[in-house]
Amino acid sequence: MHNDEIAQIFDQLADLLEIDEANPFRVRAYRDAARMLRGLSEEVSDMLERGEDLADLPTIGKDLAGKIQEIVDTGRLQVLEDMKRTVPPGLAELTKLPGFGPKRVKRVYDELGIRTVEAMRKAAEQGELQKLPGFGAKTEAKILSYFQSDRSSDMRTRLFDAEKIAERIVRHLTAIAKPADICVAGSYRRQRETVGDLDVLVASNRTREVMDHFVAFDEVSKVDSKGSTRATVHLRSGMQVDCRVVEKASFGAALVYFTGSKAHNISLRKRGVARGLKINEYGAFKGAKTVAGRTEKEIYAAVGLPFVPPELREDRGEIEAAEKRRLPKIIEISDIRGDLHVHTRASDGRDTIRDMALAAKKRGYAYLAITDHTKHARIAHGLTVKRLEKQIDEIDRLNEELSGVRILKSSEVDILADGSLDLPDATLAKLDLAVCAVHFDFDLSPAKQTERIIRAMDHPAFSILAHPTCRLIGERDPMRVNMERLMDAALERGCFLEVNGQPERLDLNDIHCRMAKERGLKLALSTDAHTIEQLGLMRFSIGQARRGWLERSDVINALNWRELKTLLKRCG
DNA sequence: GCCGTTTTCGGCCCGACTGTTTTCAGTCG
């Protein structure tokens, strides 16, 4: 039983309790627990096995500790099963409809017997909804238009795609505000792997004009709401964008508020309350007196904390760490000395070794590992042993010729079904490092998959496990592996795991980064670039690493080559 | 249901916008 599954049970129970009009704070307790579980870098089932007291975890008290135990023991939660008999579970789906929360869902259920999305559509089409007191023509129209749309708006967008949209919106807004007064906040600024919507903040005292200009963005397909300081629109791409305008004196407070996460803000405001302060998007206030607002730093200082980087604002212990002045000094892109996973035209890349090396040098890198595929990866034009040996000679020649950047001889070696590597030992021995990866048989049992990879790590040439879970965001689930065991095995064998910066991979993710750090396992931040431009994807690898609290000392490619070489086990 | 630098009981973050209402509840972030 994984943390995610337990979290789902708690969320489901919270949904039903809410419709049943339970104590809202009780509902929140379940939601808080679910969120905490999703961010935990350790399986609670393992903690229970070791006899640890779950009530020591934040948001978990005696009661919830017992409920987690029950779920781990039996695979289900009795109160949820009971609740499902009181409230039809389908009602939870209905609260996701626009304009419908628990209260109104309960009313349409009680008064019209609606318990499914389909029934809701019928009722709207037949004009039944607006007959209910408190429900009008607009509510009905909103539901109908929701059903007519492609509903892609409730999809989350990959960070990379969100970035492109964000850049266009910012460009549009620069016609009415200075770049320094515009910031895309929200989960985008926190570098979450996917974003649900974009939150754009503008500092200006021409609030009306900014609002008018914002909704006139040519990609806007629908204006959902528009007030004097806040507007919500949908773009043709389906992306929802919120825009908020505040005065400069409130910009820092609004940035904190709009960057979130919600849970982080709640923790911050609670700290404020304990100090007699009210914190909102306009500032921090002691009675009628403003004590902070212009910068984020001021807001944190008002509650006795140092600045917390956006990537850490998930209420995963950052406030406690900040209080003790023990925030990690998280890694920055300028700390990176080289890229350890890139392809060339020899396999499925576009550019030459020379061009990739020169592009790496231009980025200020000291080294670059060329990691074309091995022969098993046929569709990626994997290199035969003969071609790889030729490439090794070419790299030797280029290293003679080029200065300022060292090209490392490497390969993205397929891990075969039985855990052996797709290159003979004699060839592996000629490489500076071996980046190894699974590219087929993703759906083995967790035990078999884990064994397969650990067997590969047993090979003395194995350096780095590339894209360890092989997930493709929104397309392919992560492989089921025992990540704790993989990490421990890597530590024992002097191997490393990768954080792959390809937009659809981001693998390892933030939680895994944190898990590795806590175990003392260092990671490689790589791009898996297939073109010189893709070397820039390092920023996404960095994003996940920062979210996972990684510091420079946790990252092997923040070392210079001489230092890195001593870490690679073949040289140890 | 959790939690404690006012506390083991009585609190629990804060505000904008909409729709349908004549002053506010519900939803949303």
# chains A, B, ... in the order shown; residues from 1 in each chain; ligands from 1
call {"tool": "select_by_dssp", "arguments": {"residues": "segment 415-455 of chain A", "states": "alpha helix (DSSP H)", "output": "ChimeraX atom specification"}}
result
/A:425-428,446-455
call {"tool": "closest_atom_pairs", "arguments": {"of": "chain A", "to": "chain B", "cutoff": "7 Å", "atoms": "only C-alpha atoms (C1' of nucleotides)", "output": "JSON lines"}}
result
{"residue": "A:Phe25", "atom": "CA", "partner": "B:DC12", "partner_atom": "C1'", "distance": 7.0}
{"residue": "A:Arg26", "atom": "CA", "partner": "B:DG1", "partner_atom": "C1'", "distance": 4.8}
{"residue": "A:Ala29", "atom": "CA", "partner": "B:DG1", "partner_atom": "C1'", "distance": 5.4}
{"residue": "A:Thr59", "atom": "CA", "partner": "B:DC2", "partner_atom": "C1'", "distance": 6.3}
{"residue": "A:Gly61", "atom": "CA", "partner": "B:DC2", "partner_atom": "C1'", "distance": 6.4}
{"residue": "A:Gly99", "atom": "CA", "partner": "B:DT27", "partner_atom": "C1'", "distance": 6.2}
{"residue": "A:Gly101", "atom": "CA", "partner": "B:DT27", "partner_atom": "C1'", "distance": 6.4}
{"residue": "A:Gly134", "atom": "CA", "partner": "B:DT20", "partner_atom": "C1'", "distance": 6.2}
{"residue": "A:Gly227", "atom": "CA", "partner": "B:DC17", "partner_atom": "C1'", "distance": 6.9}
{"residue": "A:Ile266", "atom": "CA", "partner": "B:DC13", "partner_atom": "C1'", "distance": 5.4}
{"residue": "A:Arg269", "atom": "CA", "partner": "B:DC13", "partner_atom": "C1'", "distance": 5.9}
{"residue": "A:Lys270", "atom": "CA", "partner": "B:DC13", "partner_atom": "C1'", "distance": 7.0}
{"residue": "A:Asn280", "atom": "CA", "partner": "B:DC14", "partner_atom": "C1'", "distance": 6.2}
call {"tool": "residues_around", "arguments": {"residues": "Met487 of chain A", "least_positions_apart": "5", "cutoff": "12 Å", "atoms": "only C-alpha atoms (C1' of nucleotides)", "output": "ChimeraX atom specification"}}
result
/A:450,453-454,457,464-465,468,481-482,492-498,508,512-523
call {"tool": "residues_around", "arguments": {"residues": "Gly113 of chain A", "least_positions_apart": "5", "cutoff": "12 Å", "atoms": "only C-alpha atoms (C1' of nucleotides)", "output": "PyMOL selection string"}}
result
chain A and resi 87-88+90-91+105-108+119-120+123+128-129
